[in-house]
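Asks: model-v1.cif (mmCIF, C-alpha atoms) pasted underneath:
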```
data_structure
#
loop_
_atom_site.group_PDB
_atom_site.id
_atom_site.type_symbol
_atom_site.label_atom_id
_atom_site.label_comp_id
_atom_site.auth_asym_id
_atom_site.auth_seq_id
_atom_site.Cartn_x
_atom_site.Cartn_y
_atom_site.Cartn_z
ATOM 1 C CA MET L 215 -2.494 12.458 -12.573
ATOM 2 C CA VAL L 216 0.659 11.144 -14.210
ATOM 3 C CA LEU L 217 0.116 9.012 -17.299
ATOM 4 C CA ASP L 218 2.510 7.082 -19.458
ATOM 5 C CA ASN L 219 2.299 7.099 -23.223
ATOM 6 C CA ALA L 220 -0.184 4.280 -23.678
ATOM 7 C CA SER L 221 -2.393 4.993 -26.676
ATOM 8 C CA CYS L 222 -5.552 4.885 -24.514
ATOM 9 C CA HIS L 223 -4.204 7.861 -22.540
ATOM 10 C CA TYR L 224 -4.419 9.923 -25.727
ATOM 11 C CA SER L 225 -7.853 8.705 -26.771
ATOM 12 C CA ARG L 226 -10.529 11.091 -27.958
ATOM 13 C CA THR L 227 -12.428 10.525 -24.700
ATOM 14 C CA VAL L 228 -9.427 11.533 -22.607
ATOM 15 C CA ARG L 229 -8.639 14.543 -24.786
ATOM 16 C CA GLN L 230 -12.246 15.732 -24.567
ATOM 17 C CA ALA L 231 -12.328 15.281 -20.782
ATOM 18 C CA ARG L 232 -9.137 17.259 -20.072
ATOM 19 C CA ARG L 233 -10.774 20.689 -19.848
ATOM 20 C CA GLU L 234 -13.502 19.490 -17.464
ATOM 21 C CA LEU L 235 -10.968 17.602 -15.363
ATOM 22 C CA ALA L 236 -8.801 20.732 -15.134
ATOM 23 C CA LYS L 237 -11.803 22.689 -13.833
ATOM 24 C CA GLN L 238 -11.978 20.119 -11.037
ATOM 25 C CA GLY L 239 -8.271 20.509 -10.301
ATOM 26 C CA ILE L 240 -7.265 17.284 -12.009
ATOM 27 C CA TRP L 241 -4.319 17.794 -14.341
ATOM 28 C CA LEU L 242 -3.127 15.111 -16.730
ATOM 29 C CA LEU L 243 0.653 15.081 -16.946
ATOM 30 C CA TYR L 244 2.394 12.762 -19.374
ATOM 31 C CA LEU L 245 5.730 11.074 -18.830
ATOM 32 C CA PRO L 246 8.323 11.754 -21.511
ATOM 33 C CA ALA L 247 8.431 9.174 -24.294
ATOM 34 C CA CYS L 248 10.794 6.262 -23.732
ATOM 35 C CA SER L 249 11.175 6.820 -20.000
ATOM 36 C CA PRO L 250 10.436 3.472 -18.327
ATOM 37 C CA GLU L 251 12.696 4.443 -15.408
ATOM 38 C CA LEU L 252 10.040 7.003 -14.400
ATOM 39 C CA ASN L 253 7.196 4.477 -14.441
ATOM 40 C CA ASP L 254 7.350 2.220 -11.362
ATOM 41 C CA ILE L 255 5.238 -0.539 -12.891
ATOM 42 C CA GLU L 256 7.841 -1.059 -15.627
ATOM 43 C CA ARG L 257 10.310 -2.456 -13.071
ATOM 44 C CA THR L 258 7.723 -4.960 -11.902
ATOM 45 C CA PHE L 259 6.857 -5.943 -15.486
ATOM 46 C CA ARG L 260 10.563 -6.410 -16.267
ATOM 47 C CA THR L 261 11.015 -8.622 -13.184
ATOM 48 C CA VAL L 262 7.997 -10.734 -14.117
ATOM 49 C CA LYS L 263 8.908 -10.952 -17.791
ATOM 50 C CA HIS L 264 12.590 -11.798 -17.415
ATOM 51 C CA GLY L 265 12.728 -13.490 -14.030
ATOM 52 C CA ALA L 266 9.504 -15.014 -12.812
ATOM 53 C CA MET L 267 8.174 -16.055 -16.218
ATOM 54 C CA PRO L 268 10.998 -17.490 -18.327
ATOM 55 C CA GLN L 269 8.744 -19.643 -20.519
ATOM 56 C CA ARG L 270 7.552 -17.633 -23.519
ATOM 57 C CA THR L 271 5.284 -19.973 -25.445
ATOM 58 C CA PHE L 272 1.849 -21.143 -24.333
ATOM 59 C CA THR L 273 -0.634 -23.284 -26.209
ATOM 60 C CA THR L 274 -3.802 -21.868 -24.640
ATOM 61 C CA ILE L 275 -4.998 -18.653 -23.064
ATOM 62 C CA LYS L 276 -5.653 -20.599 -19.868
ATOM 63 C CA THR L 277 -2.022 -21.746 -19.544
ATOM 64 C CA LEU L 278 -0.806 -18.225 -20.337
ATOM 65 C CA THR L 279 -3.142 -16.710 -17.747
ATOM 66 C CA THR L 280 -2.064 -19.244 -15.135
ATOM 67 C CA ALA L 281 1.617 -18.529 -15.840
ATOM 68 C CA VAL L 282 1.126 -14.742 -15.640
ATOM 69 C CA GLU L 283 -0.801 -15.001 -12.371
ATOM 70 C CA ALA L 284 1.833 -17.310 -10.860
ATOM 71 C CA ALA L 285 4.632 -14.955 -11.933
ATOM 72 C CA PHE L 286 2.938 -11.941 -10.365
ATOM 73 C CA ASP L 287 2.229 -13.942 -7.202
ATOM 74 C CA GLN L 288 5.921 -14.857 -7.012
ATOM 75 C CA VAL L 289 7.062 -11.252 -7.473
ATOM 76 C CA ASN L 290 4.401 -10.026 -5.048
ATOM 77 C CA ALA L 291 5.659 -12.442 -2.394
ATOM 78 C CA GLN L 292 9.177 -11.046 -2.844
ATOM 79 C CA LEU L 293 8.026 -7.431 -2.668
ATOM 80 C CA LEU L 294 5.547 -7.888 0.160
ATOM 81 C CA PRO L 295 6.981 -10.448 2.600
ATOM 82 C CA SER L 296 4.421 -12.023 4.901
ATOM 83 C CA GLU L 297 4.276 -10.718 8.458
#
```
Would you kindly transcribe this structure into C-alpha cells?
Replies:
Amino acid sequence: MVLDNASCHYSRTVRQARRELAKQGIWLLYLPACSPELNDIERTFRTVKHGAMPQRTFTTIKTLTTAVEAAFDQVNAQLLPSE
C-alpha cells in the first residue's frame, strides 16, 4: 500500500500494525516528502482548488460544503464524461 505523508499515516496505530500487516503480505510504502506529482489525488485537488472553486471565503459550513461538492461534481463530469 502506498501512502503519502499525512500525519495519520504515521500514527501509533499504523506503526503498531505494520509488523502484523507485513505478515499478511501488506507492505506500507511511503511516498517521498514533497512529491505531489507522485500522488494522483493532488492533481484533482489542485484542479478543484484553483479552477472549479475560485471563491475562497464562506460564511457557514453548509455553504462551504455545498461549494466543495459542486466543485468536485464539476471536475468529475470533466474526468468522467457521460456515455
Asks: Which residues would end up in the selection if the PyMOL selection byres ((chain L and resi 246) around 12) were applied here, given that I need the answer as an mmCIF file with C-alpha atoms, keeping the file's coordinate frame?
Replies:
```
data_model
loop_
_atom_site.group_PDB
_atom_site.id
_atom_site.type_symbol
_atom_site.label_atom_id
_atom_site.label_comp_id
_atom_site.auth_asym_id
_atom_site.auth_seq_id
_atom_site.Cartn_x
_atom_site.Cartn_y
_atom_site.Cartn_z
ATOM 1 C CA VAL L 216 0.659 11.144 -14.210
ATOM 2 C CA LEU L 217 0.116 9.012 -17.299
ATOM 3 C CA ASP L 218 2.510 7.082 -19.458
ATOM 4 C CA ASN L 219 2.299 7.099 -23.223
ATOM 5 C CA ALA L 220 -0.184 4.280 -23.678
ATOM 6 C CA LEU L 243 0.653 15.081 -16.946
ATOM 7 C CA TYR L 244 2.394 12.762 -19.374
ATOM 8 C CA LEU L 245 5.730 11.074 -18.830
ATOM 9 C CA ALA L 247 8.431 9.174 -24.294
ATOM 10 C CA CYS L 248 10.794 6.262 -23.732
ATOM 11 C CA SER L 249 11.175 6.820 -20.000
ATOM 12 C CA PRO L 250 10.436 3.472 -18.327
ATOM 13 C CA GLU L 251 12.696 4.443 -15.408
ATOM 14 C CA LEU L 252 10.040 7.003 -14.400
ATOM 15 C CA ASN L 253 7.196 4.477 -14.441
#
```
Asks: May I ask for the distance between CA of Arg257 in chain L and CA of Glu283 in chain L, given in Å to one decimal place?
Replies: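 These two atoms are separated by 16.8 Å.
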Asks: So how far away is CA of Leu293 in chain L from CA of Leu278 in chain L, in Å?
Replies: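 About the pair CA of Leu278 in chain L and CA of Leu293 in chain L: they are 22.5 Å apart.
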Asks: Quick one: pull the distance between CA of His264 in chain L and CA of Val289 in chain L, Å, one decimal.
Replies: 11.4 Å
Asks: Using all atoms of range 285-295 of chain L that appear in the file, construct an axis-aligned enclosing box with 4 Å of padding on every side and provide its centre coordinates and edge lengths in Å, rounded to one decimal, as JSON.
Replies:
```
{"center_x": 5.7, "center_y": -11.2, "center_z": -4.7, "size_x": 14.9, "size_y": 15.5, "size_z": 22.5}
```
Asks: List the neighbours of Pro268 in chain L out to 10 Å using all atoms listed in the file; skip same-chain residues closer than 6 positions along the sequence, and give me the result as a PDB file with C-alpha atoms, in the frame of the given file.
Replies:
```pdb
ATOM      1  CA  VAL L 262       7.997 -10.734 -14.117  1.00  0.00           C
ATOM      2  CA  ALA L 281       1.617 -18.529 -15.840  1.00  0.00           C
ATOM      3  CA  ALA L 285       4.632 -14.955 -11.933  1.00  0.00           C
TER       4      ALA L 285
END
```
Asks: Go through the shown structure with the PyMOL selection byres ((chain L and resi 288) around 12) and write out the matching residues as a list in words.
Replies: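 With the PyMOL selection byres ((chain L and resi 288) around 12) on this model, the match is Thr258, Thr261, Val262, Lys263, Gly265, Ala266, Met267, Ala281, Val282, Glu283, Ala284, Ala285, Phe286, Asp287, Val289, Asn290, Ala291, Gln292, Leu293, Leu294 and Pro295 of chain L.
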Asks: Nearest to Trp241 in chain L: which of L:Glu256, L:Met215, L:Thr277, L:Thr271 is it, counting only C-alpha atoms?
Replies: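 Of L:Glu256, L:Met215, L:Thr277, L:Thr271, the one nearest Trp241 in chain L, counting only C-alpha atoms, is L:Met215.
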